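Student: Dumping the structure here so I can ask a few things about it.
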Amino acid sequence: MDINYELYKVFYHVAVSLSFSEASKQLFISQSAVSQSVKVLEKKLNQKLFIRSTKRVRLTPEGEVLLRHIEPAIHLIRRGENQILETRSLNGGQLRIGASDTICRHVLVPYLSRFHKEFPGVHIKVTNRTSIGCVELLESGQADLIFTNYPNSHLEHSGPLKKVLEFQDIFLANRNYFHLEHQRLSFRELLNYPILMLTRKSTTSEFLHNLFQQHQLDLVPEIELSSNDLLLDMAAIGLGIAFVPDYCVPENISNLFVLDLNEQIPARHLVVAHNENLPVSQAARQFMNML
């Protein structure tokens, strides 16, 4: 089909914002021009792409299919533009990183600080997602690099993984509420206590559930949160036993102690990954070299 790229560009902005008026602001054209472009594209494809009403705009099933293909293409074009704008001295361009809040806070901040000082002309964009959500950013072309805990069952199409650090997951409890400091517990015995852990949409949760299933145990956590720092806060006030990576635990953990277990918890790794199907920008290469 001979369809002008500008029509797909207008469709993308409407589909992402679900608003004709917002798309017109982003594209610096009139709302009527946005509406007309969408109508032309629908006519050329012979498919209705949006369900319009007075209050909201929704994608049709056909529109959702088209967006899944258009979104990576838009990001790939932008990536190419950014790479052309980059210079050898990295006085321009963009570095797009996807990482969880824990990884950003406890690992990446020093590297981001150093990179920003050395290359102040590079625009740094950090998108906060779970390790599983970061893979979606990578596959859709919305991130140049992602930092994720590994193993990660969703990480299939990346290039060679670069290990940033090895870490150990631990169970932490408040000694004022749980008198277990001088005992060795089994996984089965742990089930008698309230377990605090990350939500199911995280590699850490996936890892722990798989570990318990390997011992024929069904883990039912008391509290599931999206932040390791919040888990530490909950453990500090005695709400349960928190399962967290050791690199996010501060040196002064007050009344918290690490539980002694019969079973061995395998070590994991923090890795950086890029999409092997897309070119790696100069800024991304330089950032990886810093690790």
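Residue numbering restarts at 1 for every chain of the structure tokens, chains are lettered A, B, ... in their displayed order, and ligands are numbered from 1 as they appear.
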Name the residues in contact with Glu206 of chain A at a cut-off of 10 Å, using only C-alpha atoms, excluding same-chain residues fewer than 4 positions from it; report them as a list in words.
Tutor: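 Counting only C-alpha atoms, the residues come to Ile132, Pro151, Asn152, Ser153, Leu198, Thr199, Arg200, Lys201, Ser202, Asn210 and Leu211 of chain A.
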Student: List every residue of segment 26-80 of chain A that has an atom at most 7 Å from any atom of segment 11-17 of chain A, giving for each one its closest atom pair and the distance in Å to one decimal, counting only C-alpha atoms, sorted by chain and then by ascending residue number, as a tab-separated table.
Tutor:
residue	atom	partner	partner_atom	distance
A:Val38	CA	A:Phe11	CA	6.2
A:Leu59	CA	A:Ala15	CA	6.8
A:Leu67	CA	A:Tyr12	CA	6.7
A:Ile70	CA	A:Tyr12	CA	6.9
A:Glu71	CA	A:Tyr12	CA	6.9
Student: I'd like to know which of A:Ala284, A:Asn128, A:Arg56, A:Ala33 is closest to Cys104 of chain A, using only C-alpha atoms.
Tutor: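 Using only C-alpha atoms, Cys104 of chain A sits closest to A:Asn128.
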Student: Run DSSP on the backbone of this structure and report the residues of segment 18-144 of chain A it assigns to strand (DSSP E), as a list in words.
Tutor: Phe50, Ile51, Arg52, Val57, Arg58, Leu59, Gln94, Leu95, Arg96, Ile97, Gly98, Ala99, His123, Ile124, Lys125, Val126, Thr127 and Asn128 of chain A
Student: Please provide the set of residues having any atom within 6 Å of Leu172 of chain A, restricted to only C-alpha atoms, with same-chain residues fewer than 5 positions apart removed, written as a ChimeraX atom specification.
Tutor: /A:241-242,257-258
Student: So which residues touch Pro194 of chain A within 9 Å, counting only C-alpha atoms, skipping near sequence neighbours fewer than 5 positions away, as a PyMOL selection string?
Tutor: chain A and resi 220-223+239-242
Student: Between A:Asn289, A:Ser281, A:Asn275, A:Gln264, which has the minimum distance to Leu137 of chain A (counting only C-alpha atoms)?
Tutor: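 The shortest atom-to-atom distance to Leu137 of chain A comes from A:Asn275.
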Student: To test your reading of the structure, identify every residue in segment 88-181 of chain A that backbone DSSP assigns to helix (DSSP H, G or I), and report it as a PyMOL selection string.
Tutor: chain A and resi 101-118+131-139
Student: Extract, using only C-alpha atoms, all DNA, RNA and protein residues at most 12 Å from Pro72 of chain A, discarding same-chain residues fewer than 2 positions from it, and format them as a list in words.
Tutor: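 The filter keeps Lys9, Tyr12, Leu66, Leu67, Arg68, His69, Ile70, Ile74, His75, Leu76, Ile77, Arg78, Arg79, Glu136, Leu137, Leu138, Glu139, Ser140, Gly141, Gln142, Ala143, Asn275, Asn277 and Leu278 of chain A.
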Student: For the selection you just gave me, I'd like the residues written to a file as a PDB file, in the first residue's frame, keeping C-alpha atoms.
Tutor:
ATOM      1  CA  LYS A   9       2.544   9.323  12.690  1.00  0.00           C
ATOM      2  CA  TYR A  12       0.377   6.871  16.635  1.00  0.00           C
ATOM      3  CA  LEU A  66      -1.803  -1.572  14.080  1.00  0.00           C
ATOM      4  CA  LEU A  67      -0.423   0.248  17.146  1.00  0.00           C
ATOM      5  CA  ARG A  68       1.620  -2.806  18.169  1.00  0.00           C
ATOM      6  CA  HIS A  69       3.411  -2.600  14.816  1.00  0.00           C
ATOM      7  CA  ILE A  70       3.576   1.175  14.416  1.00  0.00           C
ATOM      8  CA  ILE A  74       8.200   5.156  15.349  1.00  0.00           C
ATOM      9  CA  HIS A  75      10.764   4.535  18.087  1.00  0.00           C
ATOM     10  CA  LEU A  76      13.207   3.029  15.570  1.00  0.00           C
ATOM     11  CA  ILE A  77      12.949   6.124  13.361  1.00  0.00           C
ATOM     12  CA  ARG A  78      13.518   8.389  16.370  1.00  0.00           C
ATOM     13  CA  ARG A  79      16.503   6.284  17.381  1.00  0.00           C
ATOM     14  CA  GLU A 136       8.682  -4.677  27.053  1.00  0.00           C
ATOM     15  CA  LEU A 137      10.415  -1.276  26.788  1.00  0.00           C
ATOM     16  CA  LEU A 138      13.384  -2.938  25.095  1.00  0.00           C
ATOM     17  CA  GLU A 139      11.314  -4.936  22.619  1.00  0.00           C
ATOM     18  CA  SER A 140       9.165  -1.935  21.636  1.00  0.00           C
ATOM     19  CA  GLY A 141      12.253   0.230  21.061  1.00  0.00           C
ATOM     20  CA  GLN A 142      11.474   2.634  23.925  1.00  0.00           C
ATOM     21  CA  ALA A 143      14.776   1.947  25.704  1.00  0.00           C
ATOM     22  CA  ASN A 275      17.924  -5.256  21.722  1.00  0.00           C
ATOM     23  CA  ASN A 277      17.767  -6.342  16.425  1.00  0.00           C
ATOM     24  CA  LEU A 278      18.428  -2.605  16.816  1.00  0.00           C
TER      25      LEU A 278
END
Student: So that I can see what lies close to Leu259 of chain A, please list as a list in words the residues with an atom at most 12 Å from it, counting only C-alpha atoms and leaving out residues fewer than 3 positions away in the same chain.
Tutor: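 Within the cut-off, the hits are Asp169, Ile170, Phe171, Leu172, Ala173, Asn174, Arg175, Phe178, His179, Leu180, Glu181, His182, Gln183, Arg184, Leu185, Ser186, Phe187, Glu189, Leu190, Ile241, Ala242, Phe243, Val244, Leu256, Asn262, Glu263, Gln264 and Ile265 of chain A.
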Student: I want to know what sits within 8 Å of Leu217 of chain A, based on only C-alpha atoms, with residues of the same chain fewer than 4 positions away left out; could you give that as a list in words?
Tutor: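 After dropping sequence-adjacent residues, the list is Arg188, Phe212 and Gln213 of chain A.
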Student: Write the residues you've just listed into a file as a compact mmCIF listing (two decimals), in the first residue's frame, and include C-alpha atoms for each of them.
Tutor:
# COMPACT_ATOMS: atom_id res chain seq x y z
CA ARG A 188 8.40 -25.08 55.05
CA PHE A 212 9.47 -22.78 46.77
CA GLN A 213 7.77 -24.86 44.08
